[in-house]
Amino acid sequence: MLRSQLWKLILCLGIALWAVITLVPVKDREFGQFVREEATAKQTEFNALIAKASARVQSGQAPSVFMALKQIGREEKIDLSQFFPQLRLEENLKNVEKRNNILLDELLRQSKGRLQLGLDLKGGVAFTLEVDESALGAEQAVRQEKLSKAIEIISNRVNGLGVAEPIIRPVGTNRIEVQLPGVSTKDNPEVVNSLRKPARLDFRLVHPFAAPPQEPPPGYETLALEMESRNGEVISEELFVKRIPEMGGEAVADAYPIMDEFGRFKIILKFTDDGSKQFAAVTRTIANENQRTGRLGRLAIVLDGKLYSAPTVREEISGGSAEISGSFSQREAIDLGNVLNNPLDVPLSIKEQYEVGPSMAEDAIVSGRNAFIAGTGLTIAFILFFYTVGGFVAAVGMGINVLIVLGVMANVGATLTMPGIAGIVLTLAMSVDSNILIFERMREELKLGKSLPTALEAGFDKAWSAILDGNLTTLITAVLMIVLGTGPVKGFGVTLTIGIFTTMFAAVVVSKLILEILVHGNLIKKMPMFSVLQNTNYDFLKYAKPAFISSWLVIAIGLGVIAYKGKEVYGIDFVGGDTVTMTFSKRVEVGTLRAAANAAGFQEVSPVYQKQLGADLEVLKVTTNFGQGTNLMQALQKAFPEANFVYAGTSAIGPSVGEEIQWNALWSAFWALLLILVYVAFRFEFGYGMGAVISTIHDVLMTIGLFVLFDRQFNASMVAAILLVMGYSINDTIVVFDRIREELKLNPTGTLRDIITRSLNLTLSRTVITGGTTLLTAIVLLLVTGGEVNDIAFTLLIGVVTGTFSSLFIACPIFYWWHKGDRKHVEAHHDIAPKYEWAGSSRASE
C-alpha cells in the first residue's frame, strides 16, 4: 500500500520542505553584523569601515548602518563591491555610487526575514498621493509614462531620507502609494510634505572649463549625468553645474520625442511666450561665450536636483521652439520628454494617510499572536472532540495548510498584516469544513455496514463535489476583494485566496494520504466519532413561511434604522475623515472629550476607547473631519494635560477616496451575486441559483441590519466581511444543494418535499459542527483584536448565524417554491431524471 502512495508522500513532503526553505530566515538579522559576516575579502579593512559607520549612527549622523555605509561610500568614493566578490552585481556599471546602492540594497534584502510584517505590525507611515489629472494628460500610454517618472522622483526623495525598504508603487492611473517602515511623523513632521511638494525643473549653465576631480568653482555644484552606451553599459559623467538656474520649467509649454528622417530620436520643445524670450536670451549668452572661447557651451536640464541631460548649444535659439538631438534610444527620448513636461510641477494631494506607532505595532503583534493561538487551538479542540483520530489527521492537515500559506506569501513577496492573520485563522476554521464533509460521509458509509477502507474511499468521493463547489464560490468573493479592495480588504483577500487552494490540497491530498496509510496499513481498525443530531427528521419546510417572513421583518427594521441614521452609519472609509490614536495615563469621559472638542471649534467628533483582550495597551481613538486630526489632538492635549495624551498613530481618508470605496463595495456585491448565480446555475440548475442568490442577499441585508443595530459604523473592512459572509453563506447552501441533487438521483420515487427534508436532516450535523467551529473562531477574533479585524469578526459572527439559518429556511424553500413543489419541474430543467435499463442475468445450472 505504501508503495502505491509513494508519489503522494513525496509530493506532500516536497511541498512542505519547499515552504520551510522559503520561510528561512524567519527573522530579520541585524544589518551591521550580517554584512560583516558576508564580507569575504579585505575583512580587516571592511571591519574598520563598519566601525566608522556604527560611530556615525551613534552620533546621530546617520539613521542606520545601512545609510551610513551609503554615505561613506559616496563621500570617500569607496567601491564596496570589492569586499563582496561573491556578489557579482552590475559589474559593467561604472558609476560607483549607483553600484554601491545596488549592492547595499541586495545585502539589506538578504538580511531580512522572508516573510515581512506589514506596517500595522512593525510601525510606520503609509499614504496615497494623487497626481493632478491635467499634468498627466489624456492618452493612456502617456499617463503611464508620466506616472512612472513621478514615482522615480518620489523614490529619489525617499532614498534621500534614509528609509530602509520603502514601498513606492502606482495605484490606478493617477495615484502613488508610499509606505515608509519605521518612520514617525512625530519625529519627522515634514516627511509627508517633503515628498508631495512640486518638483522643480531648471535649465542651468555648465561650466565651460572646470570639471571634476577639481574643486567646483564658486556658485557651482557637482552633478552626475548618467548615459547608456550602445553596448548597454551605463557611463557616468560628472559636471560642474551652476546652482542658480537661468530659467525654470514654467517656460516649457510642451515636450515630446519624434523620429527624424534617418530613424534617430530627438526631443521637440515648445515654449510659452515668456519662455521663448527667456530661452533665446540664455542661448544667445552661451553662443556669444562660444565665440569668445572657441568651445561649445552646454545647458543642463535638472529636475528635482537630478541632472538628466546637458546638450550643447551652438547658436541662439528663438522662434518659440527648440530640439534636442543626439544618439537617443527610444526609451531615453521618452524619459527626457517626461522630464521636460515635469509631471510633478504642482503639489501632490494626500488622499489617504495611515500611521502606526511602535507601541500600537507591538500591541497588534500580541493581538495577532493571541488570535492565532486561541482560534487555532479552539478549532483543533473542537474537531478532536467530534472526530478523535480523524480530528488528529485534520489537525495535521491544518498545520501543513498554515505552513504552505506562509510559504506562498513569502514566495510572492506578500506582507503579513493583522487582516492577513485573521484571514489565516478564518481559513483554518473554514478548512475544517472540508474534513467535516468527508468524515460525515464516512460516518454514513460505516452505518451502512461498509468496511473502514471502503468507507474512506466513498467518503472522499462523495464529498468531493461539495468541497469543489464550495471553495470555488468562496474563491469568487476572495478574488473580488483583491480586484476591487484596497488596504486591509486586499490583504485579507490575498490571504483568503491562497488559503482556499492550500485548504483543498491539505484536505484532499494530505489528509487523505495520512488516512490511507493509517487505514490500509492496518494501523487503525476503527474511527470513533461523536454523534450529534443523527437520525433527525425535522420538517424544516413546515416552518419556512413564518421563518421567511420573520427574518425579512428583521431586515426591514435594520434597513429602517440605516435610513433613519443616514450618514451616521458610515465610518471615515466611506465619507472621509481623520482618526487619531493616542495613548494616555488617565481616562477622560467621552462626553467631556466631545464637549471640549466642540468648544475648540471641532463639531463632528467621535471619541472611543479601545482595548483588546490579552493586550495591555488601551488607546483613545478620535475621529473628525478630513485634515483636522492633528489640530484636534493638539487641542485635546492642551485641554487635558493631566491625561498625558501621546500620539500613537493616525488614519486619514479623503472624501473622494471614501466615495470610491462606496462604489467598490456596491460593485463587489453586484459581481459576487452575479457570478455566484451563473456558477450555481451552470453547476446545478437555475432554481438552485435563485435559491442561492436570494439566500445570499438575505444574509447580506440581515448582517448589515444587525451590524447597524449594534451601533457600529460601515468601513472598508466591512466590505471584506460582507464578501466573506457571502462566501460562507453560499458554501453552506451548496453543501445542502449538492445533497438534494444526489438524493434526487438516488430516490426516484420520493417527492421533492421529502427529498429536501431528508437532505437537510442528513447535512444538519455537518452544518452545526462547521458553524460551531467558525463561530468560535469569530468570537475569539472579536475578543482579542481591534479595528478592522474586530469589525470583520463581528460581521462574520452575525453571518455564520444568518448563513446557517438561510440554508435551512431561505435557500431550500426558495428552490422548492421556484419549482412549485414538483420534482418533475426540476427534472425538466436539469438532467437528474432517473435512468432505467434492462439487464440480463443468468445462473449456471447445478
# chains A, B, ... in the order shown; residues from 1 in each chain; ligands from 1
>>> closest_atom_pairs(of="range 472-579 of chain A", to="range 798-822 of chain A", cutoff="12 Å", atoms="only C-alpha atoms", output="Markdown table")
| residue | atom | partner | partner_atom | distance |
| --- | --- | --- | --- | --- |
| A:Tyr538 | CA | A:Leu808 | CA | 10.6 |
| A:Asp539 | CA | A:Leu808 | CA | 10.2 |
| A:Phe540 | CA | A:Leu808 | CA | 6.7 |
| A:Leu541 | CA | A:Pro813 | CA | 6.4 |
| A:Lys542 | CA | A:Phe809 | CA | 9.6 |
| A:Tyr543 | CA | A:Phe809 | CA | 7.6 |
| A:Ala544 | CA | A:Phe809 | CA | 5.1 |
| A:Lys545 | CA | A:Phe809 | CA | 8.2 |
| A:Pro546 | CA | A:Phe809 | CA | 9.3 |
| A:Ala547 | CA | A:Phe809 | CA | 6.5 |
| A:Phe548 | CA | A:Ile810 | CA | 6.4 |
| A:Ile549 | CA | A:Ile810 | CA | 10.0 |
| A:Ser550 | CA | A:Phe809 | CA | 10.8 |
| A:Ser551 | CA | A:Ser806 | CA | 9.2 |
| A:Trp552 | CA | A:Ile810 | CA | 10.3 |
| A:Val554 | CA | A:Thr802 | CA | 11.5 |
| A:Ile555 | CA | A:Thr802 | CA | 11.2 |
>>> residues_around(residues="Pro212 in chain A", least_positions_apart="6", cutoff="9 Å", atoms="only C-alpha atoms", output="number ranges by chain")
A: 222, 238-240
>>> closest_residue(among="A:Ile400, A:Gly413, A:Thr623, A:Val725", to="Thr477 in chain A", atoms="only C-alpha atoms")
A:Val725
>>> residues_around(residues="Arg331 in chain A", least_positions_apart="4", cutoff="12 Å", atoms="only C-alpha atoms", output="PDB file with N, CA and C atoms, in the first residue's frame")
ATOM      1  N   GLU A 145       3.584  56.655 -18.591  1.00  0.00           N
ATOM      2  CA  GLU A 145       4.977  57.102 -18.625  1.00  0.00           C
ATOM      3  C   GLU A 145       5.217  58.212 -17.606  1.00  0.00           C
ATOM      4  N   MET A 227      24.540  58.080 -18.716  1.00  0.00           N
ATOM      5  CA  MET A 227      24.131  57.772 -20.084  1.00  0.00           C
ATOM      6  C   MET A 227      24.385  56.301 -20.354  1.00  0.00           C
ATOM      7  N   GLU A 228      23.571  55.732 -21.232  1.00  0.00           N
ATOM      8  CA  GLU A 228      23.731  54.321 -21.596  1.00  0.00           C
ATOM      9  C   GLU A 228      24.416  54.230 -22.945  1.00  0.00           C
ATOM     10  N   PRO A 257       8.987  63.384 -27.866  1.00  0.00           N
ATOM     11  CA  PRO A 257      10.011  62.798 -28.744  1.00  0.00           C
ATOM     12  C   PRO A 257       9.439  62.527 -30.136  1.00  0.00           C
ATOM     13  N   ILE A 258      10.268  62.681 -31.173  1.00  0.00           N
ATOM     14  CA  ILE A 258       9.876  62.306 -32.533  1.00  0.00           C
ATOM     15  C   ILE A 258      11.071  61.595 -33.177  1.00  0.00           C
ATOM     16  N   PHE A 265      16.033  59.417 -32.867  1.00  0.00           N
ATOM     17  CA  PHE A 265      15.077  60.099 -31.993  1.00  0.00           C
ATOM     18  C   PHE A 265      15.625  61.453 -31.558  1.00  0.00           C
ATOM     19  N   LYS A 266      14.720  62.425 -31.450  1.00  0.00           N
ATOM     20  CA  LYS A 266      15.063  63.731 -30.904  1.00  0.00           C
ATOM     21  C   LYS A 266      13.848  64.265 -30.150  1.00  0.00           C
ATOM     22  N   ILE A 267      14.073  65.277 -29.315  1.00  0.00           N
ATOM     23  CA  ILE A 267      13.003  65.828 -28.476  1.00  0.00           C
ATOM     24  C   ILE A 267      12.692  67.238 -28.950  1.00  0.00           C
ATOM     25  N   SER A 327      22.327  60.795 -29.900  1.00  0.00           N
ATOM     26  CA  SER A 327      22.155  59.346 -30.123  1.00  0.00           C
ATOM     27  C   SER A 327      21.225  58.772 -29.064  1.00  0.00           C
ATOM     28  N   ASP A 335      11.936  59.326 -21.812  1.00  0.00           N
ATOM     29  CA  ASP A 335      12.250  59.761 -20.448  1.00  0.00           C
ATOM     30  C   ASP A 335      12.559  61.255 -20.397  1.00  0.00           C
ATOM     31  N   LEU A 336      13.353  61.724 -21.345  1.00  0.00           N
ATOM     32  CA  LEU A 336      13.713  63.141 -21.338  1.00  0.00           C
ATOM     33  C   LEU A 336      12.488  64.007 -21.640  1.00  0.00           C
ATOM     34  N   GLY A 337      11.605  63.537 -22.524  1.00  0.00           N
ATOM     35  CA  GLY A 337      10.359  64.254 -22.784  1.00  0.00           C
ATOM     36  C   GLY A 337       9.512  64.370 -21.526  1.00  0.00           C
ATOM     37  N   ASN A 338       9.453  63.286 -20.746  1.00  0.00           N
ATOM     38  CA  ASN A 338       8.695  63.308 -19.484  1.00  0.00           C
ATOM     39  C   ASN A 338       9.323  64.265 -18.477  1.00  0.00           C
TER      40      ASN A 338
END
>>> residues_around(residues="Met529 in chain A", least_positions_apart="6", cutoff="10 Å", atoms="only C-alpha atoms", output="mmCIF file with C-alpha atoms, in the first residue's frame")
data_model
loop_
_atom_site.group_PDB
_atom_site.id
_atom_site.type_symbol
_atom_site.label_atom_id
_atom_site.label_comp_id
_atom_site.auth_asym_id
_atom_site.auth_seq_id
_atom_site.Cartn_x
_atom_site.Cartn_y
_atom_site.Cartn_z
ATOM 1 C CA ILE A 383 -12.634 18.743 15.715
ATOM 2 C CA LEU A 384 -10.711 16.389 18.023
ATOM 3 C CA PHE A 385 -13.765 16.168 20.271
ATOM 4 C CA PHE A 386 -16.088 15.189 17.426
ATOM 5 C CA TYR A 387 -13.816 13.012 15.265
ATOM 6 C CA THR A 388 -10.943 11.744 17.504
ATOM 7 C CA VAL A 389 -8.492 10.044 15.102
ATOM 8 C CA GLY A 390 -9.958 11.873 12.131
ATOM 9 C CA GLY A 391 -9.674 15.115 14.078
ATOM 10 C CA PHE A 439 -15.918 12.458 7.933
ATOM 11 C CA GLU A 440 -19.706 12.822 7.898
ATOM 12 C CA ARG A 443 -19.932 8.015 9.066
#
>>> closest_residue(among="A:Ile373, A:Ala253, A:Ile154, A:Met442", to="Asp304 in chain A", atoms="only C-alpha atoms")
A:Ile154
>>> decode(residues="range 466-506 of chain A", atoms="N, CA and C atoms", output="tab-separated table (two decimals), in the first residue's frame")
chain	number	residue	atom	x	y	z
A	466	ALA	N	-19.03	18.70	-3.36
A	466	ALA	CA	-19.40	19.78	-2.44
A	466	ALA	C	-18.18	20.61	-2.05
A	467	ILE	N	-17.05	19.93	-1.83
A	467	ILE	CA	-15.80	20.64	-1.48
A	467	ILE	C	-15.38	21.55	-2.62
A	468	LEU	N	-15.42	21.03	-3.85
A	468	LEU	CA	-15.00	21.81	-5.01
A	468	LEU	C	-15.91	23.02	-5.22
A	469	ASP	N	-17.22	22.79	-5.24
A	469	ASP	CA	-18.15	23.89	-5.49
A	469	ASP	C	-18.10	24.94	-4.39
A	470	GLY	N	-18.03	24.49	-3.14
A	470	GLY	CA	-17.99	25.42	-2.02
A	470	GLY	C	-16.76	26.31	-2.06
A	471	ASN	N	-15.59	25.73	-2.36
A	471	ASN	CA	-14.36	26.51	-2.39
A	471	ASN	C	-14.30	27.43	-3.60
A	472	LEU	N	-14.82	26.99	-4.73
A	472	LEU	CA	-14.79	27.84	-5.92
A	472	LEU	C	-15.69	29.05	-5.76
A	473	THR	N	-16.86	28.88	-5.13
A	473	THR	CA	-17.72	30.04	-4.91
A	473	THR	C	-17.11	31.00	-3.90
A	474	THR	N	-16.43	30.47	-2.88
A	474	THR	CA	-15.71	31.33	-1.94
A	474	THR	C	-14.57	32.06	-2.64
A	475	LEU	N	-13.95	31.36	-3.61
A	475	LEU	CA	-12.86	31.97	-4.37
A	475	LEU	C	-13.35	33.20	-5.15
A	476	ILE	N	-14.60	33.15	-5.62
A	476	ILE	CA	-15.16	34.30	-6.34
A	476	ILE	C	-15.12	35.55	-5.47
A	477	THR	N	-15.56	35.41	-4.22
A	477	THR	CA	-15.57	36.57	-3.32
A	477	THR	C	-14.16	37.01	-2.95
A	478	ALA	N	-13.24	36.04	-2.79
A	478	ALA	CA	-11.86	36.38	-2.43
A	478	ALA	C	-11.19	37.17	-3.55
A	479	VAL	N	-11.41	36.74	-4.80
A	479	VAL	CA	-10.81	37.44	-5.94
A	479	VAL	C	-11.38	38.86	-6.06
A	480	LEU	N	-12.66	39.03	-5.78
A	480	LEU	CA	-13.26	40.36	-5.82
A	480	LEU	C	-12.65	41.27	-4.76
A	481	MET	N	-12.29	40.71	-3.60
A	481	MET	CA	-11.61	41.52	-2.57
A	481	MET	C	-10.28	42.06	-3.10
A	482	ILE	N	-9.57	41.22	-3.88
A	482	ILE	CA	-8.27	41.63	-4.42
A	482	ILE	C	-8.44	42.66	-5.52
A	483	VAL	N	-9.40	42.41	-6.42
A	483	VAL	CA	-9.58	43.27	-7.59
A	483	VAL	C	-10.14	44.63	-7.21
A	484	LEU	N	-11.16	44.65	-6.34
A	484	LEU	CA	-11.85	45.90	-6.03
A	484	LEU	C	-11.49	46.48	-4.67
A	485	GLY	N	-10.79	45.72	-3.85
A	485	GLY	CA	-10.48	46.18	-2.50
A	485	GLY	C	-9.20	46.98	-2.43
A	486	THR	N	-9.01	47.66	-1.30
A	486	THR	CA	-7.78	48.39	-1.03
A	486	THR	C	-7.34	48.09	0.40
A	487	GLY	N	-6.06	48.30	0.69
A	487	GLY	CA	-5.55	48.18	2.05
A	487	GLY	C	-5.87	46.85	2.69
A	488	PRO	N	-6.50	46.88	3.89
A	488	PRO	CA	-6.77	45.65	4.62
A	488	PRO	C	-7.70	44.70	3.87
A	489	VAL	N	-8.61	45.24	3.05
A	489	VAL	CA	-9.52	44.39	2.29
A	489	VAL	C	-8.73	43.55	1.29
A	490	LYS	N	-7.81	44.19	0.56
A	490	LYS	CA	-6.99	43.48	-0.41
A	490	LYS	C	-6.09	42.45	0.29
A	491	GLY	N	-5.49	42.83	1.43
A	491	GLY	CA	-4.63	41.89	2.17
A	491	GLY	C	-5.41	40.68	2.65
A	492	PHE	N	-6.62	40.92	3.11
A	492	PHE	CA	-7.47	39.83	3.55
A	492	PHE	C	-7.80	38.91	2.38
A	493	GLY	N	-8.10	39.52	1.21
A	493	GLY	CA	-8.44	38.73	0.02
A	493	GLY	C	-7.28	37.88	-0.47
A	494	VAL	N	-6.05	38.43	-0.43
A	494	VAL	CA	-4.87	37.68	-0.87
A	494	VAL	C	-4.68	36.44	0.01
A	495	THR	N	-4.75	36.65	1.32
A	495	THR	CA	-4.56	35.52	2.24
A	495	THR	C	-5.65	34.47	2.06
A	496	LEU	N	-6.89	34.93	1.89
A	496	LEU	CA	-8.01	34.01	1.74
A	496	LEU	C	-7.89	33.22	0.43
A	497	THR	N	-7.46	33.88	-0.64
A	497	THR	CA	-7.30	33.20	-1.93
A	497	THR	C	-6.25	32.10	-1.84
A	498	ILE	N	-5.11	32.44	-1.26
A	498	ILE	CA	-4.07	31.42	-1.08
A	498	ILE	C	-4.59	30.28	-0.21
A	499	GLY	N	-5.33	30.65	0.85
A	499	GLY	CA	-5.85	29.66	1.79
A	499	GLY	C	-6.84	28.70	1.16
A	500	ILE	N	-7.62	29.16	0.19
A	500	ILE	CA	-8.60	28.29	-0.47
A	500	ILE	C	-7.89	27.14	-1.20
A	501	PHE	N	-6.83	27.48	-1.94
A	501	PHE	CA	-6.10	26.44	-2.67
A	501	PHE	C	-5.35	25.50	-1.73
A	502	THR	N	-4.71	26.08	-0.71
A	502	THR	CA	-3.97	25.21	0.22
A	502	THR	C	-4.91	24.36	1.05
A	503	THR	N	-6.12	24.87	1.32
A	503	THR	CA	-7.12	24.08	2.06
A	503	THR	C	-7.54	22.85	1.28
A	504	MET	N	-7.79	23.04	0.00
A	504	MET	CA	-8.17	21.90	-0.83
A	504	MET	C	-7.04	20.88	-0.92
A	505	PHE	N	-5.82	21.37	-1.03
A	505	PHE	CA	-4.67	20.46	-1.07
A	505	PHE	C	-4.53	19.70	0.25
A	506	ALA	N	-4.65	20.43	1.37
A	506	ALA	CA	-4.48	19.81	2.69
A	506	ALA	C	-5.56	18.76	2.96
